[in-house]
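The next block is input18.cif, given as mmCIF, C-alpha atoms.
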```cif
data_target
#
loop_
_atom_site.label_atom_id
_atom_site.label_comp_id
_atom_site.auth_asym_id
_atom_site.auth_seq_id
_atom_site.Cartn_x
_atom_site.Cartn_y
_atom_site.Cartn_z
CA MET A 1 -104.27 111.47 -72.82
CA LYS A 2 -105.57 114.91 -73.81
CA GLN A 3 -101.99 116.14 -73.85
CA ILE A 4 -100.93 113.47 -76.34
CA THR A 5 -103.97 114.04 -78.57
CA GLY A 6 -103.07 117.72 -78.50
CA TYR A 7 -99.56 116.86 -79.69
CA ILE A 8 -101.03 114.80 -82.54
CA ARG A 9 -103.47 117.52 -83.65
CA LYS A 10 -100.70 120.11 -83.68
CA PHE A 11 -98.44 117.83 -85.72
CA ILE A 12 -101.17 117.13 -88.29
CA TYR A 13 -101.93 120.83 -88.57
CA GLU A 14 -98.29 121.91 -88.96
CA ILE A 15 -96.74 119.15 -91.08
CA ASP A 16 -96.01 119.80 -94.74
CA LYS A 17 -98.92 117.91 -96.33
CA PRO A 18 -97.39 117.33 -99.81
CA VAL A 19 -94.23 115.92 -98.21
CA LEU A 20 -96.32 113.66 -95.96
CA ILE A 21 -98.37 112.38 -98.91
CA ILE A 22 -95.37 111.75 -101.18
CA ALA A 23 -93.30 110.12 -98.43
CA SER A 24 -96.24 107.92 -97.43
CA ALA A 25 -96.82 106.88 -101.05
CA PHE A 26 -93.12 106.09 -101.42
CA MET A 27 -93.20 103.88 -98.33
CA ALA A 28 -96.32 102.14 -99.69
CA ILE A 29 -94.39 101.35 -102.88
CA LEU A 30 -91.40 100.06 -100.89
CA ILE A 31 -93.69 97.87 -98.80
CA PHE A 32 -95.36 96.46 -101.92
CA LEU A 33 -92.01 95.73 -103.61
CA ASN A 34 -90.66 94.09 -100.49
CA TYR A 35 -93.59 91.75 -99.90
CA TYR A 36 -94.27 91.02 -103.55
CA PHE A 37 -90.65 90.18 -104.42
CA GLU A 38 -89.77 88.97 -100.89
CA LEU A 39 -86.75 91.24 -100.77
CA ASP A 40 -86.20 90.95 -97.03
CA LYS A 41 -86.29 87.15 -97.18
CA SER A 42 -83.72 87.17 -99.98
CA ILE A 43 -81.41 89.45 -98.02
CA SER A 44 -81.79 87.37 -94.86
CA LYS A 45 -80.79 84.21 -96.74
CA GLU A 46 -77.66 85.87 -98.11
CA ASN A 47 -74.49 84.38 -96.61
CA SER A 48 -72.19 87.31 -97.34
CA PHE A 49 -72.06 89.88 -94.52
CA GLN A 50 -70.92 92.57 -96.97
CA VAL A 51 -73.85 91.93 -99.33
CA LYS A 52 -76.30 91.94 -96.43
CA LEU A 53 -74.84 95.16 -95.05
CA PHE A 54 -74.89 96.95 -98.42
CA SER A 55 -78.42 95.76 -99.27
CA ARG A 56 -79.79 96.83 -95.88
CA TYR A 57 -77.99 100.14 -96.11
CA CYS A 58 -79.45 100.99 -99.53
CA ILE A 59 -83.03 100.24 -98.42
CA LEU A 60 -82.71 102.13 -95.13
CA LEU A 61 -80.99 105.10 -96.77
CA ALA A 62 -83.77 105.32 -99.37
CA ALA A 63 -86.49 105.25 -96.70
CA PHE A 64 -84.70 107.74 -94.45
CA GLY A 65 -83.25 110.00 -97.14
CA LEU A 66 -86.28 110.63 -99.34
CA PRO A 67 -88.29 112.67 -96.79
CA TRP A 68 -85.23 114.78 -96.09
CA LEU A 69 -84.77 115.32 -99.83
CA LEU A 70 -88.41 116.35 -100.13
CA TYR A 71 -88.01 118.84 -97.28
CA TYR A 72 -84.93 120.22 -99.00
CA LEU A 73 -86.71 120.62 -102.34
CA THR A 74 -89.94 122.07 -100.96
CA ALA A 75 -88.75 124.15 -98.03
CA ARG A 76 -85.27 124.89 -99.36
CA LYS A 77 -83.77 124.09 -96.00
CA LYS A 78 -80.01 124.26 -95.81
CA TYR A 79 -78.22 121.31 -94.25
CA ASN A 80 -74.57 121.52 -93.31
CA GLN A 81 -71.87 118.86 -93.50
CA ARG A 82 -72.60 117.61 -89.97
CA PHE A 83 -76.20 116.97 -90.92
CA LEU A 84 -75.21 115.10 -94.08
CA PHE A 85 -72.69 113.02 -92.13
CA LEU A 86 -75.34 111.98 -89.59
CA LEU A 87 -77.88 111.31 -92.35
CA LEU A 88 -75.46 108.88 -94.02
CA LEU A 89 -74.27 107.45 -90.70
CA ALA A 90 -77.71 106.56 -89.29
CA PRO A 91 -78.62 103.90 -91.92
CA ALA A 92 -75.10 102.49 -91.68
CA ILE A 93 -75.45 101.96 -87.92
CA PHE A 94 -78.74 100.11 -88.22
CA ALA A 95 -77.74 98.19 -91.35
CA PHE A 96 -74.82 96.88 -89.32
CA LYS A 97 -77.20 95.92 -86.51
CA MET A 98 -79.42 93.99 -88.91
CA ALA A 99 -76.56 92.28 -90.78
CA PHE A 100 -74.39 91.46 -87.75
CA LEU A 101 -75.18 87.91 -86.60
CA PRO A 102 -72.42 86.68 -84.27
CA ALA A 103 -72.03 82.95 -83.85
CA ILE A 104 -70.46 81.99 -80.52
CA ASN A 105 -69.94 78.38 -79.50
CA PHE A 106 -71.67 78.20 -76.12
CA ASN A 107 -72.83 74.60 -76.17
CA SER A 108 -72.09 71.38 -78.07
CA ASN A 109 -75.82 70.85 -78.60
CA GLU A 110 -76.78 72.75 -81.75
CA ASN A 111 -80.23 73.78 -80.53
CA TRP A 112 -79.01 75.00 -77.15
CA ASN A 113 -76.13 76.77 -78.83
CA LYS A 114 -78.68 78.67 -80.94
CA TYR A 115 -80.59 79.50 -77.78
CA TRP A 116 -77.60 80.98 -75.96
CA ASN A 117 -76.58 82.89 -79.08
CA HIS A 118 -80.05 84.46 -79.06
CA ILE A 119 -79.68 85.30 -75.38
CA ALA A 120 -76.37 87.07 -76.04
CA TYR A 121 -77.39 88.67 -79.34
CA TRP A 122 -79.78 91.43 -78.26
CA PRO A 123 -77.87 92.66 -75.16
CA LEU A 124 -74.65 92.66 -77.19
CA GLN A 125 -76.28 94.81 -79.84
CA LEU A 126 -77.57 97.15 -77.14
CA VAL A 127 -74.02 97.64 -75.85
CA ILE A 128 -72.57 98.18 -79.33
CA ILE A 129 -75.26 100.59 -80.58
CA THR A 130 -75.33 102.53 -77.31
CA GLY A 131 -71.55 102.87 -77.51
CA ILE A 132 -71.69 104.21 -81.08
CA LEU A 133 -74.48 106.64 -80.21
CA PHE A 134 -72.67 107.79 -77.07
CA ILE A 135 -69.58 108.67 -79.10
CA THR A 136 -71.78 110.43 -81.66
CA TRP A 137 -73.50 112.37 -78.87
CA LYS A 138 -70.15 113.38 -77.37
CA VAL A 139 -68.93 114.69 -80.72
CA PHE A 140 -72.11 116.38 -82.00
CA ASP A 141 -74.68 116.87 -79.24
CA LYS A 142 -73.15 116.96 -75.76
CA ASP A 143 -74.96 120.26 -75.11
CA GLN A 144 -78.19 118.23 -74.61
CA PRO A 145 -79.04 115.15 -72.48
CA PHE A 146 -78.01 111.86 -74.06
CA TYR A 147 -80.59 111.42 -76.83
CA GLY A 148 -83.88 111.51 -74.95
CA THR A 149 -82.78 109.73 -71.77
CA THR A 150 -83.99 112.46 -69.43
CA ILE A 151 -86.53 111.32 -66.82
CA LYS A 152 -87.84 114.75 -65.84
CA ASN A 153 -91.57 115.50 -65.77
CA ILE A 154 -92.83 112.20 -67.25
CA ASN A 155 -96.57 111.56 -66.94
CA TRP A 156 -96.98 107.78 -67.16
CA LYS A 157 -100.80 107.59 -67.24
CA PRO A 158 -101.29 108.28 -70.99
CA TYR A 159 -98.86 105.51 -71.87
CA GLY A 160 -100.74 103.01 -69.71
CA PHE A 161 -103.96 104.02 -71.46
CA MET A 162 -102.31 103.48 -74.85
CA LEU A 163 -101.35 99.95 -73.81
CA LEU A 164 -104.94 99.20 -72.80
CA ILE A 165 -106.12 100.34 -76.24
CA MET A 166 -103.70 97.88 -77.87
CA ILE A 167 -105.01 94.78 -76.05
CA PRO A 168 -108.05 94.12 -78.32
CA LEU A 169 -105.96 94.85 -81.42
CA ILE A 170 -103.36 92.30 -80.36
CA VAL A 171 -106.10 89.75 -79.64
CA ILE A 172 -107.41 90.24 -83.20
CA ALA A 173 -103.91 90.05 -84.68
CA ALA A 174 -103.18 86.83 -82.77
CA SER A 175 -105.85 85.05 -84.80
CA GLN A 176 -103.94 85.63 -88.04
CA PRO A 177 -101.69 82.88 -89.50
CA ASP A 178 -98.73 85.21 -90.12
CA PHE A 179 -98.83 86.33 -86.47
CA GLN A 180 -98.95 82.73 -85.26
CA ALA A 181 -95.98 81.87 -87.46
CA MET A 182 -93.92 84.73 -86.01
CA TYR A 183 -94.81 84.77 -82.30
CA PRO A 184 -93.64 83.96 -79.74
CA LYS A 185 -90.12 84.80 -80.90
CA LEU A 186 -88.77 81.67 -79.26
CA LYS A 187 -90.29 79.84 -82.22
CA THR A 188 -87.13 80.84 -84.10
CA ILE A 189 -85.68 77.78 -82.36
CA GLU A 190 -88.76 75.65 -83.04
CA SER A 191 -87.25 72.26 -82.12
CA LEU A 192 -86.00 73.61 -78.79
CA TYR A 193 -89.26 75.47 -78.14
CA ARG A 194 -91.06 72.12 -78.22
CA ALA A 195 -88.38 70.31 -76.19
CA GLU A 196 -89.22 68.94 -72.74
CA GLU A 197 -86.00 70.31 -71.24
CA MET A 198 -87.09 73.88 -71.96
CA GLN A 199 -87.86 75.30 -68.52
CA TRP A 200 -89.88 78.41 -67.60
CA TRP A 201 -86.75 80.34 -66.70
CA HIS A 202 -85.29 79.66 -70.15
CA LYS A 203 -88.32 81.35 -71.67
CA LEU A 204 -88.17 84.23 -69.17
CA LEU A 205 -84.48 84.80 -69.89
CA PHE A 206 -85.22 84.77 -73.61
CA GLU A 207 -87.99 87.36 -73.20
CA LEU A 208 -85.77 89.63 -71.06
CA SER A 209 -83.04 89.43 -73.68
CA TYR A 210 -85.59 90.11 -76.43
CA GLY A 211 -86.89 93.09 -74.44
CA SER A 212 -83.41 94.65 -74.35
CA ASP A 213 -83.66 95.09 -78.12
CA PHE A 214 -86.46 97.61 -77.63
CA ILE A 215 -84.17 99.77 -75.54
CA THR A 216 -81.81 99.79 -78.52
CA ILE A 217 -84.65 100.63 -80.92
CA GLU A 218 -86.12 103.45 -78.83
CA LEU A 219 -82.72 104.97 -78.14
CA PHE A 220 -81.83 104.86 -81.83
CA PHE A 221 -85.11 105.85 -83.47
CA ARG A 222 -86.84 108.10 -80.97
CA GLY A 223 -83.67 109.27 -79.25
CA PHE A 224 -80.99 109.63 -81.91
CA LEU A 225 -83.09 110.13 -85.07
CA ILE A 226 -85.23 112.78 -83.40
CA MET A 227 -82.97 114.54 -80.90
CA ALA A 228 -79.85 114.62 -83.10
CA PHE A 229 -81.77 116.07 -86.08
CA VAL A 230 -84.26 118.34 -84.33
CA LYS A 231 -81.83 121.27 -84.24
CA TRP A 232 -81.89 121.39 -88.04
CA ALA A 233 -85.50 120.48 -88.72
CA GLY A 234 -87.64 120.73 -85.60
CA LYS A 235 -90.79 118.61 -85.93
CA ASP A 236 -89.82 117.69 -89.50
CA ALA A 237 -87.41 115.13 -88.01
CA ILE A 238 -90.41 112.94 -87.16
CA LEU A 239 -91.44 111.84 -90.68
CA PRO A 240 -88.01 110.60 -91.88
CA MET A 241 -87.67 108.63 -88.64
CA ALA A 242 -91.08 106.99 -89.16
CA CYS A 243 -90.16 105.98 -92.73
CA PHE A 244 -86.85 104.55 -91.53
CA TYR A 245 -88.64 102.72 -88.71
CA CYS A 246 -91.15 101.19 -91.11
CA ALA A 247 -88.33 99.89 -93.32
CA ILE A 248 -86.80 97.79 -90.52
CA HIS A 249 -90.12 95.90 -90.24
CA PHE A 250 -90.00 94.48 -93.77
CA GLY A 251 -89.37 91.01 -92.35
CA LYS A 252 -92.43 91.17 -90.08
CA PRO A 253 -96.09 90.32 -90.89
CA LEU A 254 -97.55 92.82 -93.36
CA GLY A 255 -100.03 94.30 -90.87
CA GLU A 256 -97.25 94.88 -88.35
CA CYS A 257 -95.08 96.53 -90.98
CA ILE A 258 -97.82 98.95 -92.05
CA SER A 259 -98.79 99.78 -88.47
CA SER A 260 -95.13 100.45 -87.61
CA TYR A 261 -95.22 103.51 -89.90
CA PHE A 262 -98.09 105.05 -87.96
CA GLY A 263 -96.64 103.86 -84.66
CA GLY A 264 -93.36 105.51 -85.58
CA LEU A 265 -95.15 108.79 -86.26
CA LEU A 266 -96.99 108.58 -82.94
CA LEU A 267 -93.92 107.78 -80.87
CA GLY A 268 -91.94 110.40 -82.75
CA ILE A 269 -94.55 113.04 -81.93
CA ILE A 270 -94.35 112.07 -78.27
CA ILE A 271 -90.55 112.21 -78.02
CA TYR A 272 -90.45 115.50 -79.92
CA ASN A 273 -92.74 117.11 -77.36
CA THR A 274 -91.56 115.37 -74.19
CA ARG A 275 -87.85 115.05 -75.05
CA SER A 276 -87.88 111.64 -73.32
CA ILE A 277 -87.83 108.13 -74.79
CA TRP A 278 -89.06 106.36 -71.63
CA GLY A 279 -92.80 106.71 -72.22
CA GLY A 280 -92.42 105.42 -75.76
CA LEU A 281 -90.24 102.58 -74.48
CA LEU A 282 -92.97 101.58 -72.02
CA VAL A 283 -95.53 101.44 -74.84
CA HIS A 284 -93.26 99.68 -77.32
CA LEU A 285 -91.96 97.11 -74.84
CA GLY A 286 -95.43 96.56 -73.41
CA ILE A 287 -96.86 95.86 -76.86
CA ALA A 288 -93.97 93.53 -77.70
CA TRP A 289 -94.40 91.47 -74.54
CA MET A 290 -98.20 91.38 -74.95
CA MET A 291 -97.65 89.99 -78.45
CA GLU A 292 -95.31 87.40 -76.98
CA ILE A 293 -97.89 86.42 -74.37
CA ALA A 294 -100.56 86.17 -77.06
CA GLY A 295 -98.18 84.04 -79.12
CA TYR A 296 -97.60 81.63 -76.23
CA ILE A 297 -101.33 81.34 -75.52
CA VAL A 298 -102.24 80.67 -79.15
CA SER A 299 -99.31 78.29 -79.61
CA HIS A 300 -100.36 76.16 -76.64
CA SER A 301 -104.04 76.25 -77.58
CA ILE A 302 -103.44 74.77 -81.05
CA ARG A 303 -101.07 72.00 -79.98
#
```
Could I get this file's structure written as structure tokens?
Amino acid sequence: MKQITGYIRKFIYEIDKPVLIIASAFMAILIFLNYYFELDKSISKENSFQVKLFSRYCILLAAFGLPWLLYYLTARKKYNQRFLFLLLLAPAIFAFKMAFLPAINFNSNENWNKYWNHIAYWPLQLVIITGILFITWKVFDKDQPFYGTTIKNINWKPYGFMLLIMIPLIVIAASQPDFQAMYPKLKTIESLYRAEEMQWWHKLLFELSYGSDFITIELFFRGFLIMAFVKWAGKDAILPMACFYCAIHFGKPLGECISSYFGGLLLGIIIYNTRSIWGGLLVHLGIAWMMEIAGYIVSHSIR
């Protein structure tokens, strides 16, 4: 754990403080606008894929692009055409992920059809996003391991300690109404979640599918957004990634959205120093499944 705290202290000491303050204030404004005007809910209800894609892209580009613009204005860093291409590409990839909602007819029962679409949704996105990033890596970054997937010299103990720290925080969060409305994720199919025919293995399969989404997220945010940009900016790649990461949580409970900004910074600091996404994946996936477990416990206790 001392090693990770050392990484954090070094980052705080070295980061451009005015850029950090302005970018943080900008994200606070975006968060306020989103929750006050319910922007994410409005976008989610939109039926047009093109409108969803464009709306998501604009929000994500604003969150990701502003810190880079601030670095350009304050440090006068020069970014070439490859950098600009990747900067514009990154929000497009994730906007597509957020807007793409395939509907496959698996079952004649509407509720079970929704269930199997959920089961297919996250692994399918993992395959698509990994494919796009692999092509990007081949074109731009094949001189390094595939975006943080190295497994060399990983010390797992600090990550286990970080998970232990999160347990009381999750217990506190589980008492909040917005948490109870969101978790467990299977509540997205509320009528099926309450159905007698829902077996334990249905829930386990759902959670495994849900967990695959965190592989996608860690590979994209901590792998791609750090390792693909580090050659131009070094540690400065961390802040834009954290802002971007916060923006994808606009549909989550407010506390989770705010904490995602700081969590993004922390995980970004770790990947920057370790060059591996696996420790961060352990933490992120562990937290997600602990929140699911807390959601199941609370849900059954209030029946």
What would the selection look like, as a PDB file with C-alpha atoms, in the frame of the given file, if the PyMOL selection byres ((chain A and resi 118) around 12) were run on the coordinates I just shared?
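Output saved as result-v2.pdb:
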```pdb
ATOM      1  CA  LEU A 101     -75.180  87.910 -86.600  1.00  0.00           C
ATOM      2  CA  PRO A 102     -72.420  86.680 -84.270  1.00  0.00           C
ATOM      3  CA  ALA A 103     -72.030  82.950 -83.850  1.00  0.00           C
ATOM      4  CA  ILE A 104     -70.460  81.990 -80.520  1.00  0.00           C
ATOM      5  CA  ASN A 105     -69.940  78.380 -79.500  1.00  0.00           C
ATOM      6  CA  PHE A 106     -71.670  78.200 -76.120  1.00  0.00           C
ATOM      7  CA  ASN A 111     -80.230  73.780 -80.530  1.00  0.00           C
ATOM      8  CA  TRP A 112     -79.010  75.000 -77.150  1.00  0.00           C
ATOM      9  CA  ASN A 113     -76.130  76.770 -78.830  1.00  0.00           C
ATOM     10  CA  LYS A 114     -78.680  78.670 -80.940  1.00  0.00           C
ATOM     11  CA  TYR A 115     -80.590  79.500 -77.780  1.00  0.00           C
ATOM     12  CA  TRP A 116     -77.600  80.980 -75.960  1.00  0.00           C
ATOM     13  CA  ASN A 117     -76.580  82.890 -79.080  1.00  0.00           C
ATOM     14  CA  ILE A 119     -79.680  85.300 -75.380  1.00  0.00           C
ATOM     15  CA  ALA A 120     -76.370  87.070 -76.040  1.00  0.00           C
ATOM     16  CA  TYR A 121     -77.390  88.670 -79.340  1.00  0.00           C
ATOM     17  CA  TRP A 122     -79.780  91.430 -78.260  1.00  0.00           C
ATOM     18  CA  PRO A 123     -77.870  92.660 -75.160  1.00  0.00           C
ATOM     19  CA  LEU A 124     -74.650  92.660 -77.190  1.00  0.00           C
ATOM     20  CA  GLN A 125     -76.280  94.810 -79.840  1.00  0.00           C
ATOM     21  CA  LYS A 185     -90.120  84.800 -80.900  1.00  0.00           C
ATOM     22  CA  LEU A 186     -88.770  81.670 -79.260  1.00  0.00           C
ATOM     23  CA  LYS A 187     -90.290  79.840 -82.220  1.00  0.00           C
ATOM     24  CA  THR A 188     -87.130  80.840 -84.100  1.00  0.00           C
ATOM     25  CA  ILE A 189     -85.680  77.780 -82.360  1.00  0.00           C
ATOM     26  CA  HIS A 202     -85.290  79.660 -70.150  1.00  0.00           C
ATOM     27  CA  LYS A 203     -88.320  81.350 -71.670  1.00  0.00           C
ATOM     28  CA  LEU A 205     -84.480  84.800 -69.890  1.00  0.00           C
ATOM     29  CA  PHE A 206     -85.220  84.770 -73.610  1.00  0.00           C
ATOM     30  CA  GLU A 207     -87.990  87.360 -73.200  1.00  0.00           C
ATOM     31  CA  LEU A 208     -85.770  89.630 -71.060  1.00  0.00           C
ATOM     32  CA  SER A 209     -83.040  89.430 -73.680  1.00  0.00           C
ATOM     33  CA  TYR A 210     -85.590  90.110 -76.430  1.00  0.00           C
ATOM     34  CA  GLY A 211     -86.890  93.090 -74.440  1.00  0.00           C
ATOM     35  CA  SER A 212     -83.410  94.650 -74.350  1.00  0.00           C
ATOM     36  CA  ASP A 213     -83.660  95.090 -78.120  1.00  0.00           C
TER      37      ASP A 213
END
```
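Between A:Ile271 and the residues A:Thr150, A:Thr216, A:Ser42, A:Ser108, the shortest atom-to-atom distance, using all atoms listed in the file, involves A:Thr150.
Distances from A:Ile217, A:Ile269, A:Leu282, A:Ala233 to A:Phe83 were compared using only C-alpha atoms, and the smallest one belongs to A:Ala233.
For the atom pair formed by atom CA of A:Thr136 and atom CA of A:Ser48, the distance is 27.9 Å, given to one decimal.
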Shell around stretch 145-147 of chain A at 7 Å using all atoms listed in the file, local window under 5 positions removed, as a VMD selection string
chain A and resid 137 219 223 to 224 227
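Going from atom CA of A:Ile128 over to atom CA of A:Tyr245, you cover 19.2 Å.
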What does the PyMOL selection byres ((chain A and resi 23) around 9) select in this file, as a list in words?
Pro18, Val19, Leu20, Ile21, Ile22, Ser24, Ala25, Phe26, Met27, Ala28, Ala63, Leu66, Pro67, Leu70, Leu239, Pro240 and Cys243 of chain A
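Against this structure, the PyMOL selection byres ((chain A and resi 293) around 12) ends up with Ile167, Ile170, Val171, Ala174, Gln180, Tyr183, Pro184, Lys185, Leu186, Lys203, Leu204, Glu207, Gly286, Ile287, Ala288, Trp289, Met290, Met291, Glu292, Ala294, Gly295, Tyr296, Ile297, Val298, Ser299 and His300 of chain A.
Proximity ranking of A:Gly234, A:Gly6, A:Gly251, A:Gly148 relative to A:Leu39 places A:Gly251 first, based on only C-alpha atoms.
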Any chance you could work out the axis-aligned box around stretch 237-253 of chain A, listed atoms only, 3 Å on each side, giving centre and edge lengths in Å to one decimal, as AutoDock Vina command-line options?
```
--center_x -91.4 --center_y 102.7 --center_z -90.5 --size_x 15.3 --size_y 30.8 --size_z 12.6
```
Identify which of the residues A:Leu265, A:Ile277, A:Ile258, A:Ile270 lies closest to A:Met241, counting only C-alpha atoms when measuring atom-to-atom distances.
A:Leu265
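Each of A:Leu87, A:Cys257, A:Ala95, A:Ile31 was compared to A:Val51 using all atoms listed in the file, and A:Ala95 turns out to be the nearest.
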How many Å separate atom CA of A:Trp278 from atom CA of A:Leu163?
14.0 Å
